[in-house]
Each structure stands twice: as C-alpha cells, then as structure tokens.
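File shown: target05.cif (mmCIF, C-alpha atoms).
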```cif
data_work
#
loop_
_atom_site.label_atom_id
_atom_site.label_comp_id
_atom_site.auth_asym_id
_atom_site.auth_seq_id
_atom_site.Cartn_x
_atom_site.Cartn_y
_atom_site.Cartn_z
CA MET A 1 23.30 6.41 11.56
CA LYS A 2 20.30 5.26 13.59
CA LYS A 3 19.03 8.83 13.65
CA ASP A 4 19.41 9.06 9.86
CA LEU A 5 17.42 5.85 9.37
CA TYR A 6 14.77 7.20 11.72
CA ASN A 7 14.51 10.46 9.77
CA PHE A 8 14.00 8.70 6.48
CA ALA A 9 11.48 6.19 7.90
CA ILE A 10 9.56 9.15 9.33
CA ARG A 11 9.65 10.98 6.02
CA MET A 12 8.24 7.97 4.17
CA GLY A 13 5.73 7.12 6.88
CA ASP A 14 4.44 10.68 7.22
CA THR A 15 4.13 11.15 3.46
CA SER A 16 1.97 8.04 3.09
CA TRP A 17 0.04 8.92 6.22
CA ILE A 18 -0.93 12.44 5.15
CA LEU A 19 -1.74 11.31 1.62
CA SER A 20 -3.95 8.53 2.98
CA HIS A 21 -5.80 11.10 5.07
CA ARG A 22 -6.54 13.21 1.99
CA LEU A 23 -7.71 10.13 0.06
CA CYS A 24 -9.91 8.93 2.91
CA GLU A 25 -11.57 12.36 3.03
CA LEU A 26 -13.09 11.32 -0.31
CA CYS A 27 -14.87 8.34 1.23
CA SER A 28 -18.52 8.64 0.08
CA TYR A 29 -17.66 11.86 -1.82
CA GLY A 30 -16.08 10.24 -4.89
CA PRO A 31 -17.41 11.37 -8.28
CA PHE A 32 -18.99 7.92 -8.75
CA LEU A 33 -19.10 4.66 -6.84
CA GLU A 34 -16.19 2.83 -8.50
CA GLU A 35 -13.93 5.85 -8.12
CA ASP A 36 -14.97 6.24 -4.50
CA LEU A 37 -13.85 2.66 -3.93
CA ALA A 38 -10.64 3.22 -5.86
CA MET A 39 -9.64 6.30 -3.85
CA THR A 40 -10.35 4.66 -0.51
CA ASN A 41 -8.55 1.46 -1.59
CA ILE A 42 -5.48 3.47 -2.54
CA GLY A 43 -5.82 5.36 0.75
CA LEU A 44 -5.88 2.03 2.59
CA ASP A 45 -2.68 0.90 0.88
CA HIS A 46 -1.04 4.14 2.01
CA ILE A 47 -2.22 3.62 5.60
CA GLY A 48 -0.66 0.15 5.49
CA GLN A 49 2.62 1.41 4.06
CA SER A 50 2.69 4.23 6.57
CA GLU A 51 2.13 1.80 9.43
CA GLU A 52 5.13 -0.29 8.38
CA TRP A 53 7.40 2.77 8.14
CA LEU A 54 6.22 4.25 11.43
CA LYS A 55 6.56 0.90 13.24
CA TYR A 56 10.14 0.76 12.11
CA ALA A 57 10.68 4.42 13.03
CA ALA A 58 9.36 3.67 16.52
CA GLU A 59 11.89 0.82 16.85
CA LEU A 60 14.68 3.16 15.77
CA SER A 61 13.61 5.96 18.08
CA ASP A 62 15.50 6.60 21.32
CA GLU A 63 12.24 7.44 23.00
CA ASN A 64 9.61 5.03 24.17
CA VAL A 65 7.07 5.54 21.35
CA ASP A 66 4.93 3.37 19.09
CA ALA A 67 3.55 3.83 15.57
CA ASP A 68 0.25 5.24 16.86
CA PHE A 69 2.07 7.86 18.90
CA LEU A 70 4.08 8.92 15.87
CA ALA A 71 0.98 9.07 13.68
CA TYR A 72 -1.28 10.98 16.05
CA ARG A 73 0.59 12.74 18.78
CA ARG A 74 3.39 14.80 17.30
CA LYS A 75 3.50 18.53 16.72
CA GLU A 76 3.25 20.01 13.25
CA LYS A 77 6.97 20.79 13.06
CA GLU A 78 7.83 17.16 13.82
CA TYR A 79 6.08 15.81 10.73
CA ARG A 80 8.42 15.31 7.77
CA ASN A 81 6.00 14.50 4.94
CA VAL A 82 6.58 16.09 1.56
CA GLN A 83 4.41 19.18 1.12
CA LEU A 84 2.69 17.99 -2.05
CA VAL A 85 0.49 15.49 -0.18
CA GLU A 86 -0.99 18.20 2.05
CA PHE A 87 -2.72 19.94 -0.84
CA PRO A 88 -6.50 19.73 -0.37
CA ASN A 89 -8.80 17.83 -2.70
CA GLU A 90 -10.21 21.04 -4.29
CA ASP A 91 -11.71 19.35 -7.33
CA PHE A 92 -11.11 15.91 -8.80
CA ALA A 93 -8.36 17.16 -11.13
CA TYR A 94 -6.24 18.07 -8.07
CA VAL A 95 -6.81 14.63 -6.58
CA VAL A 96 -5.65 13.00 -9.82
CA VAL A 97 -2.57 15.18 -10.37
CA ARG A 98 -1.42 14.94 -6.73
CA GLN A 99 -1.75 11.17 -6.88
CA PHE A 100 -0.06 10.90 -10.26
CA PHE A 101 2.98 12.95 -9.19
CA MET A 102 3.31 10.87 -6.02
CA ASP A 103 2.76 7.53 -7.79
CA VAL A 104 5.54 8.19 -10.30
CA TYR A 105 7.80 9.27 -7.44
CA ASN A 106 6.93 6.26 -5.27
CA TYR A 107 7.31 3.90 -8.20
CA LEU A 108 10.85 5.13 -8.89
CA LEU A 109 11.84 5.42 -5.23
CA TYR A 110 10.49 2.02 -4.16
CA SER A 111 12.05 0.36 -7.23
CA LYS A 112 15.45 1.55 -6.00
CA LEU A 113 14.76 0.92 -2.33
CA THR A 114 14.21 -2.79 -3.00
CA ASP A 115 18.04 -2.98 -3.23
CA SER A 116 18.56 -1.13 0.05
CA LYS A 117 21.31 -2.37 2.37
CA ASP A 118 18.82 -2.02 5.21
CA VAL A 119 16.74 -5.21 5.13
CA THR A 120 13.60 -3.58 6.58
CA PHE A 121 13.72 -0.74 4.04
CA ALA A 122 14.08 -3.31 1.26
CA ALA A 123 11.22 -5.46 2.58
CA ILE A 124 8.81 -2.52 2.91
CA ALA A 125 9.79 -1.38 -0.59
CA GLN A 126 9.26 -4.80 -2.12
CA LYS A 127 5.77 -4.97 -0.65
CA SER A 128 4.80 -1.36 -1.44
CA LEU A 129 6.06 -1.48 -5.01
CA LYS A 130 3.45 -4.10 -5.93
CA GLU A 131 0.69 -1.81 -4.69
CA VAL A 132 2.16 1.33 -6.26
CA ARG A 133 1.99 -0.28 -9.72
CA TYR A 134 -1.80 -0.38 -9.42
CA HIS A 135 -1.92 3.19 -8.17
CA LEU A 136 0.23 4.49 -11.00
CA ARG A 137 -1.75 2.72 -13.67
CA HIS A 138 -4.93 4.18 -12.23
CA SER A 139 -3.70 7.78 -11.91
CA SER A 140 -1.91 7.87 -15.28
CA ASN A 141 -5.06 6.57 -16.97
CA TRP A 142 -7.02 9.40 -15.38
CA MET A 143 -4.40 11.95 -16.48
CA VAL A 144 -4.88 10.89 -20.09
CA ARG A 145 -8.65 10.58 -19.83
CA LEU A 146 -9.11 14.06 -18.34
CA GLY A 147 -6.35 15.77 -20.33
CA ASP A 148 -7.50 14.25 -23.58
CA GLY A 149 -11.18 14.63 -22.70
CA THR A 150 -13.24 17.79 -23.08
CA ALA A 151 -11.97 21.37 -23.25
CA GLU A 152 -13.16 21.85 -19.68
CA SER A 153 -11.54 18.71 -18.25
CA ASN A 154 -8.31 19.64 -20.04
CA GLU A 155 -8.38 23.14 -18.59
CA ARG A 156 -9.10 21.97 -15.06
CA LEU A 157 -6.36 19.35 -15.22
CA GLN A 158 -3.89 21.95 -16.49
CA ASN A 159 -4.85 24.26 -13.59
CA ALA A 160 -4.14 21.49 -11.12
CA VAL A 161 -0.81 20.71 -12.84
CA ASN A 162 0.17 24.39 -12.67
CA ASP A 163 -0.66 24.72 -8.97
CA LEU A 164 0.78 21.42 -7.79
CA TRP A 165 4.00 21.58 -9.81
CA PHE A 166 5.20 24.24 -7.34
CA TYR A 167 5.40 21.55 -4.62
CA THR A 168 7.29 18.92 -6.64
CA GLY A 169 10.80 20.31 -6.08
CA ASP A 170 10.50 19.25 -2.45
CA LEU A 171 10.46 15.59 -3.51
CA PHE A 172 14.09 15.66 -4.59
CA VAL A 173 15.73 17.75 -1.87
CA MET A 174 18.20 15.74 0.19
CA PRO A 175 19.14 16.92 3.67
CA GLU A 176 22.43 15.81 5.20
CA SER A 177 21.01 12.76 6.96
CA GLU A 178 19.71 11.39 3.66
CA GLN A 179 22.98 12.07 1.91
CA ASN A 180 24.62 9.90 4.58
CA LEU A 181 22.17 7.09 3.90
CA ALA A 182 22.72 7.37 0.15
CA LYS A 183 26.48 7.09 0.64
CA ASP A 184 25.96 3.85 2.55
CA GLY A 185 23.70 2.37 -0.15
CA ILE A 186 20.63 2.46 2.07
CA ILE A 187 18.58 4.86 -0.03
CA PRO A 188 19.01 6.05 -3.63
CA ASP A 189 20.22 9.53 -4.48
CA LEU A 190 16.88 11.38 -4.42
CA ALA A 191 18.18 14.21 -6.58
CA GLY A 192 19.13 11.55 -9.13
CA LEU A 193 15.52 10.40 -9.34
CA GLU A 194 14.42 13.76 -10.67
CA SER A 195 15.36 13.21 -14.31
CA ASP A 196 13.61 9.82 -14.42
CA TRP A 197 10.61 11.37 -12.73
CA ASN A 198 10.51 14.15 -15.31
CA LYS A 199 10.79 11.66 -18.13
CA MET A 200 7.88 9.55 -16.96
CA VAL A 201 5.74 12.57 -16.16
CA MET A 202 6.43 14.12 -19.57
CA GLU A 203 5.52 10.90 -21.32
CA VAL A 204 2.07 11.06 -19.74
CA PHE A 205 1.85 14.87 -20.20
CA ASN A 206 2.41 14.41 -23.92
CA GLU A 207 -0.37 11.90 -24.19
CA ALA A 208 -2.66 13.98 -21.98
CA GLY A 209 -1.94 17.27 -23.79
CA MET A 210 -0.54 18.91 -20.64
CA GLN A 211 2.00 21.72 -20.66
CA LYS A 212 4.89 21.65 -18.21
CA PRO A 213 4.64 24.78 -16.03
CA GLU A 214 7.63 27.09 -15.68
CA TYR A 215 8.60 28.14 -12.18
CA GLU A 216 11.75 29.98 -11.20
CA VAL A 217 11.68 28.64 -7.68
CA LEU A 218 9.90 25.60 -6.26
CA ALA A 219 8.73 25.13 -2.67
CA SER A 220 10.86 23.02 -0.36
CA GLY A 221 11.60 22.62 3.33
CA SER A 222 9.64 19.53 4.38
CA PHE A 223 12.87 17.99 5.70
CA GLU A 224 12.99 20.81 8.25
CA GLY A 225 9.36 20.34 9.20
CA GLN A 226 8.04 23.22 7.10
CA HIS A 227 4.52 22.74 5.87
CA THR A 228 1.90 24.37 3.71
CA GLU A 229 -0.85 26.38 5.37
CA TYR A 230 -3.15 23.35 4.99
CA MET A 231 -1.28 21.11 7.42
CA GLY A 232 -2.45 22.70 10.65
CA PHE A 233 -6.11 22.29 9.76
CA MET A 234 -5.60 18.66 8.87
CA LEU A 235 -3.79 17.92 12.13
CA CYS A 236 -6.55 19.65 14.11
CA GLU A 237 -9.01 17.26 12.59
CA PHE A 238 -7.20 13.97 12.92
CA GLN A 239 -5.56 14.73 16.25
CA TYR A 240 -8.81 15.87 17.82
CA LEU A 241 -9.79 12.48 19.17
CA PRO A 242 -6.34 11.44 20.50
CA ASN A 243 -6.07 14.85 22.19
CA MET A 244 -9.47 14.56 23.80
CA LEU A 245 -9.10 10.92 24.89
CA GLN A 246 -5.48 10.41 25.82
CA ASP A 247 -5.78 6.64 26.16
CA ALA A 248 -7.80 6.11 22.96
CA LYS A 249 -6.81 2.99 21.05
CA TRP A 250 -7.57 1.83 17.50
CA MET B 1 10.99 -35.38 29.37
CA PRO B 2 8.39 -35.73 26.63
CA ASN B 3 8.66 -32.02 25.71
CA GLY B 4 12.12 -32.32 24.25
CA ASN B 5 11.23 -35.41 22.24
CA PRO B 6 11.61 -34.63 18.50
CA GLU B 7 8.83 -37.04 17.60
CA ASN B 8 6.52 -35.27 19.98
CA THR B 9 7.39 -31.88 18.45
CA LYS B 10 6.70 -33.29 14.99
CA LEU B 11 3.27 -34.45 16.15
CA LYS B 12 2.47 -31.07 17.64
CA GLU B 13 3.55 -29.34 14.45
CA THR B 14 1.30 -31.55 12.35
CA ARG B 15 -1.57 -30.78 14.72
CA VAL B 16 -0.94 -27.02 14.36
CA TRP B 17 -1.06 -27.29 10.56
CA GLU B 18 -4.34 -29.23 10.85
CA ILE B 19 -5.83 -26.47 12.98
CA LEU B 20 -4.60 -23.77 10.59
CA ALA B 21 -6.26 -25.62 7.70
CA GLU B 22 -9.62 -24.99 9.38
CA ILE B 23 -9.30 -21.20 9.83
CA PRO B 24 -11.30 -19.28 7.19
CA ASP B 25 -10.29 -15.97 5.61
CA PRO B 26 -12.58 -13.41 7.31
CA GLU B 27 -13.40 -11.65 4.03
CA ILE B 28 -13.55 -14.63 1.66
CA PRO B 29 -14.76 -17.38 3.99
CA VAL B 30 -14.55 -20.18 1.40
CA LEU B 31 -10.76 -19.87 1.57
CA THR B 32 -8.69 -21.00 4.53
CA ILE B 33 -5.55 -19.16 5.48
CA LEU B 34 -3.55 -22.09 4.10
CA ASP B 35 -5.32 -21.77 0.71
CA LEU B 36 -4.21 -18.12 0.69
CA GLY B 37 -0.62 -19.13 1.32
CA ILE B 38 0.08 -16.58 4.05
CA VAL B 39 1.51 -19.00 6.64
CA ARG B 40 5.28 -19.07 6.21
CA LYS B 41 6.36 -21.37 9.02
CA VAL B 42 5.35 -23.10 12.23
CA GLU B 43 7.84 -23.41 15.08
CA PHE B 44 7.79 -24.05 18.79
CA GLN B 45 9.40 -22.10 21.58
CA GLU B 46 9.13 -24.64 24.38
CA GLU B 47 5.33 -25.13 24.52
CA LYS B 48 4.42 -21.95 22.63
CA PRO B 49 3.58 -22.19 18.92
CA ILE B 50 5.21 -19.46 16.83
CA ILE B 51 3.28 -19.07 13.58
CA THR B 52 4.88 -16.68 11.11
CA ILE B 53 2.60 -15.08 8.50
CA THR B 54 3.03 -12.68 5.58
CA PRO B 55 0.54 -9.85 5.01
CA THR B 56 -1.34 -9.83 1.70
CA TYR B 57 -1.96 -6.11 1.15
CA SER B 58 -0.14 -3.85 3.61
CA GLY B 59 -3.28 -2.05 4.77
CA CYS B 60 -5.55 -5.10 4.67
CA PRO B 61 -7.76 -5.00 7.80
CA ALA B 62 -8.04 -8.80 7.63
CA MET B 63 -4.44 -9.13 8.86
CA GLN B 64 -5.35 -8.24 12.45
CA ARG B 65 -8.25 -10.67 12.27
CA PHE B 66 -5.92 -13.42 11.05
CA GLU B 67 -3.72 -12.92 14.06
CA LYS B 68 -6.65 -12.97 16.48
CA ASP B 69 -8.30 -15.97 14.80
CA ILE B 70 -5.08 -17.98 14.85
CA VAL B 71 -4.45 -17.29 18.55
CA GLU B 72 -8.05 -18.20 19.41
CA ALA B 73 -8.09 -21.39 17.35
CA MET B 74 -4.85 -22.50 18.98
CA GLU B 75 -6.24 -21.79 22.45
CA GLN B 76 -9.38 -23.79 21.74
CA ASN B 77 -7.14 -26.72 20.85
CA GLY B 78 -5.05 -26.49 23.96
CA PHE B 79 -2.08 -24.44 22.72
CA GLU B 80 -1.37 -21.53 25.03
CA GLY B 81 0.52 -18.29 24.37
CA THR B 82 0.64 -18.54 20.57
CA GLU B 83 2.63 -15.80 18.89
CA VAL B 84 1.94 -14.64 15.32
CA PRO B 85 4.90 -12.58 14.06
CA MET B 86 4.67 -11.02 10.58
CA ILE B 87 7.41 -11.04 8.00
CA TYR B 88 7.36 -8.77 4.97
CA GLU B 89 10.12 -10.33 2.97
CA PRO B 90 9.69 -12.06 0.59
CA ALA B 91 6.47 -10.17 -0.12
CA TRP B 92 3.30 -12.20 -0.52
CA THR B 93 2.22 -12.89 -4.07
CA THR B 94 -1.02 -14.29 -5.48
CA ASP B 95 1.17 -17.09 -6.91
CA TRP B 96 1.08 -18.54 -3.39
CA ILE B 97 -2.68 -19.17 -3.53
CA THR B 98 -2.99 -22.94 -3.82
CA GLU B 99 -4.69 -24.82 -6.69
CA GLU B 100 -7.37 -25.81 -4.20
CA GLY B 101 -7.78 -22.14 -3.27
CA ARG B 102 -8.19 -21.12 -6.92
CA ARG B 103 -10.86 -23.75 -7.46
CA LYS B 104 -12.76 -22.63 -4.36
CA LEU B 105 -12.56 -18.96 -5.41
CA LYS B 106 -14.06 -19.75 -8.81
CA GLU B 107 -16.87 -21.82 -7.30
CA TYR B 108 -17.60 -18.94 -4.94
CA GLY B 109 -17.97 -16.57 -7.93
CA ILE B 110 -14.63 -14.77 -7.71
CA ALA B 111 -12.35 -15.14 -10.74
CA PRO B 112 -8.93 -16.35 -9.53
CA PRO B 113 -5.74 -14.45 -10.51
CA GLU B 114 -4.86 -15.19 -14.12
CA GLU B 115 -1.12 -14.93 -14.51
CA THR B 116 2.18 -14.82 -12.68
CA THR B 117 3.67 -11.47 -11.75
CA ALA B 118 6.82 -11.43 -13.91
CA ASN B 119 7.65 -9.28 -16.97
CA LYS B 120 5.59 -6.16 -16.62
CA LYS B 121 6.02 -2.98 -18.59
CA ALA B 122 7.02 0.07 -16.63
CA LEU B 123 4.72 2.94 -17.39
CA PHE B 124 1.14 1.98 -18.03
CA PHE B 125 1.70 -1.65 -17.10
CA GLU B 126 -0.22 -2.71 -20.18
CA ASN B 127 0.92 -6.28 -19.69
CA ASP B 128 -0.85 -6.26 -16.35
CA ILE B 129 -4.15 -6.28 -18.20
CA VAL B 130 -5.14 -9.88 -18.72
CA THR B 131 -8.10 -11.73 -20.10
CA VAL B 132 -10.22 -12.69 -17.14
CA THR B 133 -12.57 -15.66 -17.43
CA CYS B 134 -16.12 -15.24 -16.13
CA PRO B 135 -16.46 -17.56 -13.10
CA ARG B 136 -20.14 -18.16 -13.93
CA CYS B 137 -20.28 -18.97 -17.65
CA ASN B 138 -16.54 -19.36 -18.45
CA SER B 139 -16.69 -16.74 -21.21
CA LYS B 140 -13.49 -14.85 -21.93
CA ASN B 141 -15.50 -11.93 -23.29
CA THR B 142 -15.27 -9.86 -20.11
CA LYS B 143 -14.66 -6.20 -19.32
CA LEU B 144 -12.78 -4.45 -16.53
CA GLU B 145 -15.17 -2.08 -14.74
CA SER B 146 -12.83 -0.90 -12.02
CA GLN B 147 -9.33 -1.78 -10.91
CA PHE B 148 -10.44 -1.43 -7.28
CA GLY B 149 -13.26 -3.36 -5.63
CA SER B 150 -14.93 -4.07 -2.30
CA THR B 151 -11.65 -5.22 -0.71
CA ALA B 152 -8.01 -4.37 -1.38
CA CYS B 153 -7.45 -7.65 -3.23
CA LYS B 154 -10.30 -7.50 -5.75
CA ALA B 155 -11.19 -5.72 -9.01
CA LEU B 156 -14.64 -5.35 -10.56
CA TYR B 157 -15.44 -7.03 -13.89
CA LYS B 158 -18.50 -7.59 -16.05
CA CYS B 159 -19.19 -10.52 -18.35
CA ASN B 160 -20.29 -9.38 -21.81
CA ASP B 161 -21.97 -12.73 -22.50
CA CYS B 162 -23.96 -13.63 -19.40
CA LEU B 163 -24.03 -9.93 -18.39
CA GLU B 164 -23.28 -10.76 -14.74
CA PRO B 165 -20.92 -8.51 -12.80
CA PHE B 166 -18.25 -10.41 -10.89
CA GLU B 167 -15.13 -9.89 -8.80
CA TYR B 168 -11.61 -10.77 -9.84
CA PHE B 169 -8.83 -11.57 -7.37
CA LYS B 170 -6.07 -9.22 -8.55
CA CYS B 171 -2.57 -10.43 -9.27
CA LEU B 172 -0.04 -9.15 -6.79
#
```

Let me see the file written as structure tokens.
Amino acid sequence: MKKDLYNFAIRMGDTSWILSHRLCELCSYGPFLEEDLAMTNIGLDHIGQSEEWLKYAAELSDENVDADFLAYRRKEKEYRNVQLVEFPNEDFAYVVVRQFFMDVYNYLLYSKLTDSKDVTFAAIAQKSLKEVRYHLRHSSNWMVRLGDGTAESNERLQNAVNDLWFYTGDLFVMPESEQNLAKDGIIPDLAGLESDWNKMVMEVFNEAGMQKPEYEVLASGSFEGQHTEYMGFMLCEFQYLPNMLQDAKW
Amino acid sequence: MPNGNPENTKLKETRVWEILAEIPDPEIPVLTILDLGIVRKVEFQEEKPIITITPTYSGCPAMQRFEKDIVEAMEQNGFEGTEVPMIYEPAWTTDWITEEGRRKLKEYGIAPPEETTANKKALFFENDIVTVTCPRCNSKNTKLESQFGSTACKALYKCNDCLEPFEYFKCL
C-alpha cells in the first residue's frame, strides 16, 4: 500500500518536474515577451506541484531521501514520468500541443483526485486544479488560434498533433500498483479518463480544424521506467551540477 | 508558573498577531501577510510559536521568504524557535485577501481580484473572464494582454481609456 502510494506520487511528481524543465528551457526564448512569461509561469506552477508530490514521495519512501534527492539524483530508469512530457520544444506548435494534451489530462485527473481517500493526494489536487484551469485555458486558446490561423500555422500544428499523439496512450496505462490504489478509492481509474480526455480534445480539435491521427499502436512503458531517447540528454543537463557538487543545495 | 497561565498565552498570541501584521509581502510590499490571508492559525508549543500558513501558488518563490521573514520577525521580538508549517488544505483562494488588502492593492496600481471562484465552465472557462476595472482611472473599458504576468499571481491588462498598462491580481 505504502509502496503503491509512493509509485503514484513519483509518477505525478516526475511528470510535472520534466514538463517544468521543458517549459523553463523556453525562458528568454519565447516567441514574444508575454508568451515567454506565460511559459515560465506555467513551468513554475509545475515545479511547485512537483515539489509537493516529491516531498510526499520522500515521506513515503523506506529510504532516507528528500524531494531534492528524488528530483536530481536518481537514474533514468527510476523516473516514472509519462513519456509525452519529454518531447523537445522543436517549434512552438509542439510546445502548445504537448501542453494542451497534458492540461486536459491534468484537469480531468486532478478533478477526480480532489475526492481521493488519501488526504495529501486530495490536498495537492485541490491546489493544483486551480492552477491547471489557467494552463488549460491558455493552451486551448493557442490550439484554436494556431489551428484556425494561417495555412502554415495549421500545418505545423497538425504535424505536432501527429507526432505527439503517439505518446498519449501512455497517459492511460495502469500498472498493478495503480489498480490497487483505484480499488481503494485513492486514485481514479486512469483508463476511465481516456474517453473524457478524447471528448475534450476533440471539442478543441473541431474548433481548431485538427484531424485526429490514426495509430495502430501507441507508445507506453513509463510505469516501468521506459523513456524516449530524449530523456538521457535532459538528465545529463539538469543532473550535471548535483553530480559535480555532491553537497549542492538550492 | 506564568507559562501555563491561559491569560499569559492569550497575551502572547495577540502579540504574535501584531507582529505578523507588520510583515510585508516580499513581492507586493504594500500588502502584509495578514492582508493576503495566508496565516491560518497561531499556536504555542510551550514557548515556541507555531504559525501555520497556506501557500498562494504552489511554485511561488515568495513562500520560502514568508517563512524566513516570519521566523526573523519573531526572533527580533523575543520569540525563539518559531516554526512555520504549511498546510495545503483547504487551498488558498483570493477570496481570503482582506478588504483592506484589496484597497491597498488598488492604490498601489494593481487591480484586485474581481469575483469569487465559484461556478466556472469546464472547457474554455469563459466565465473566468471578468471585467477588470482600471486601478488608475476606474474605467471598465480594459483589455486582457496576457493571462500571465511578472509573478505567478498577476495578469497583464491595458486600459483602453487612459491607455495605461496595469497588473491584475488573478482570481484563484
């Protein structure tokens, strides 16, 4: 039970953590000043959410670790973030689509988690949900603006949708430990979120003139610590300093 | 045994609230932390004040400053070993900003949050979009420039009448 709670806290914490890293990479590289601020603000919210999850994970862990250790000092295989958030920023369309897919997912997941039987899960969800509303409004507005914009912005958005869709199946895969938590009313049935997720995504796709891509198989495996080829490079960068200076502190 | 005296504890508690009322928000210094409504309760564990606070935005860098500032202010006033635990539930809402806080925000040039956080539509949250009053000329003819501003809690607006840009304290 404790191990199951730990696994889920790690999954949530890592997902926000890796996404925040991608968003913070845009600091001073945003397409214009307001958007630069928006991306880094959203990144900051994700750092905050991640910190709460990883603090709780550290409490649940049998080992003597803290949130900073979990964030900076694990091996690639020990990270449990969903693969979608690892995808690099490529061009702005990828940033928007990645965020939009995650915002819809987080909105649905956090809405359900507010009723969790675990009081800490429920508290983190209640707090995060308020922030996710702002994120979702922002990313869905961009989906419509780019999709319904010029022929070029439409094409680039569709390319990003096609590429990133491959990683969305991973969001709804439930390993055994999460099935246990769902049975106990601690987390919602993730597989059950998929139809709501599709519905919300399609509503925005319709307005944005996006086509839903067809894939026979979608990527999965984050729950076993499988990552995209991008993860190693990212870890090299953000673990460089903690590796070099073992006693470095924030 | 003056320490166990309930009257004495009451006095100390009142003193702690007085000290808290003097601590400014590091990012919006016209507001005190009591104006923001982040202090949930004040207790004592023997001589140690335990001051429980709620974070505003989860990643807000001001939260660590709050903790440090509270501990320091308490020390300067003779309270040793202050602890500042954080609780997340119930989550902080802009509804907890006091009337006094709203007035000070407006005078400072930041439009205070306009509405309570109930009844919002799911997808595009259209009901989240409110008419924001310009803190300089009181015109309601204003335009949202960006949902995200210089800090996690603010959005950027422009007044179409006096043409001044201004910040709006977002509803949360």

Contacts of chain A with chain B up to 8 Å, shortest pair per row, only C-alpha atoms, as a Markdown table:
```
| residue | atom | partner | partner_atom | distance |
| --- | --- | --- | --- | --- |
| A:Glu34 | CA | B:Ser146 | CA | 6.1 |
| A:Glu35 | CA | B:Ser146 | CA | 7.9 |
| A:Leu37 | CA | B:Gly149 | CA | 6.3 |
| A:Ala38 | CA | B:Phe148 | CA | 4.9 |
| A:Asn41 | CA | B:Ala152 | CA | 5.9 |
| A:Leu44 | CA | B:Gly59 | CA | 5.3 |
| A:Asp45 | CA | B:Gly59 | CA | 4.9 |
| A:His46 | CA | B:Gly59 | CA | 7.1 |
| A:Ile47 | CA | B:Gly59 | CA | 5.8 |
| A:Gly48 | CA | B:Gly59 | CA | 3.5 |
| A:Gln49 | CA | B:Ser58 | CA | 6.0 |
| A:Glu52 | CA | B:Ser58 | CA | 7.9 |
| A:Ala123 | CA | B:Glu89 | CA | 5.0 |
| A:Ile124 | CA | B:Tyr88 | CA | 6.7 |
| A:Gln126 | CA | B:Ala91 | CA | 6.4 |
| A:Lys127 | CA | B:Ala91 | CA | 5.3 |
| A:Ser128 | CA | B:Ser58 | CA | 7.5 |
| A:Lys130 | CA | B:Leu172 | CA | 6.2 |
| A:Glu131 | CA | B:Leu172 | CA | 7.7 |
| A:Arg133 | CA | B:Phe125 | CA | 7.5 |
| A:Tyr134 | CA | B:Gln147 | CA | 7.8 |
| A:Leu136 | CA | B:Phe124 | CA | 7.5 |
| A:Arg137 | CA | B:Phe124 | CA | 5.3 |
| A:His138 | CA | B:Gln147 | CA | 7.5 |
| A:Ser140 | CA | B:Phe124 | CA | 7.2 |
| A:Asn141 | CA | B:Phe124 | CA | 7.8 |
| A:Met200 | CA | B:Leu123 | CA | 7.3 |
```

Selection dump of the PyMOL selection byres ((chain B and resi 37) around 9), as a JSON list (two decimals) with C-alpha atoms, in the coordinates of the input:
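Saved as out-v3.json:
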```
[["chain", "number", "residue", "atom", "x", "y", "z"],
["B", 32, "THR", "CA", -8.69, -21.00, 4.53],
["B", 33, "ILE", "CA", -5.55, -19.16, 5.48],
["B", 34, "LEU", "CA", -3.55, -22.09, 4.10],
["B", 35, "ASP", "CA", -5.32, -21.77, 0.71],
["B", 36, "LEU", "CA", -4.21, -18.12, 0.69],
["B", 38, "ILE", "CA", 0.08, -16.58, 4.05],
["B", 39, "VAL", "CA", 1.51, -19.00, 6.64],
["B", 40, "ARG", "CA", 5.28, -19.07, 6.21],
["B", 53, "ILE", "CA", 2.60, -15.08, 8.50],
["B", 54, "THR", "CA", 3.03, -12.68, 5.58],
["B", 92, "TRP", "CA", 3.30, -12.20, -0.52],
["B", 93, "THR", "CA", 2.22, -12.89, -4.07],
["B", 94, "THR", "CA", -1.02, -14.29, -5.48],
["B", 95, "ASP", "CA", 1.17, -17.09, -6.91],
["B", 96, "TRP", "CA", 1.08, -18.54, -3.39],
["B", 97, "ILE", "CA", -2.68, -19.17, -3.53],
["B", 98, "THR", "CA", -2.99, -22.94, -3.82]]
```

List the neighbours of Met1 of chain A out to 9 Å using only C-alpha atoms; skip same-chain residues closer than 2 positions along the sequence, and give me the result as a list in words.
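Using only C-alpha atoms, the neighbours found are Lys3, Asp4, Leu5, Tyr6, Ser177, Asn180 and Leu181 of chain A.
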
For the selection just defined, write its residues with C-alpha atoms to a file, as an mmCIF file, in the coordinates of the input.
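As a result, result-v5.cif now contains:
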```
data_model
loop_
_atom_site.group_PDB
_atom_site.id
_atom_site.type_symbol
_atom_site.label_atom_id
_atom_site.label_comp_id
_atom_site.auth_asym_id
_atom_site.auth_seq_id
_atom_site.Cartn_x
_atom_site.Cartn_y
_atom_site.Cartn_z
ATOM 1 C CA LYS A 3 19.030 8.830 13.650
ATOM 2 C CA ASP A 4 19.410 9.060 9.860
ATOM 3 C CA LEU A 5 17.420 5.850 9.370
ATOM 4 C CA TYR A 6 14.770 7.200 11.720
ATOM 5 C CA SER A 177 21.010 12.760 6.960
ATOM 6 C CA ASN A 180 24.620 9.900 4.580
ATOM 7 C CA LEU A 181 22.170 7.090 3.900
#
```

So that I can see what lies close to Glu13 of chain B, please list as a list in words the residues with an atom at most 9 Å from it, counting all atoms listed in the file and leaving out residues fewer than 5 positions away in the same chain.
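The neighbour list is Asn8, Glu18, Val42, Glu43, Phe44 and Pro49 of chain B.
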
So that I can check the surroundings of segment 212-228 of chain A, please list as a PyMOL selection string every protein, DNA and RNA residue that reaches within 6 Å of it, counting all atoms listed in the file and ignoring chain neighbours fewer than 5 positions away.
chain A and resi 77-80+82-83+162+166-167+169-170

Distance of atom CA of His21 of chain A from atom CA of Tyr230 of chain A, expressed in Å to one decimal place
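Result for atom CA of Tyr230 of chain A versus atom CA of His21 of chain A: 12.5 Å, one decimal.
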
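Rounded to one decimal, atom CA of Arg98 of chain A and atom CA of Pro188 of chain A lie 22.5 Å from each other.
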
Atomic distance atom CA of Leu144 of chain B - atom CA of Glu167 of chain B, expressed in Å with one decimal
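That distance, rounded to one decimal, is 9.7 Å.
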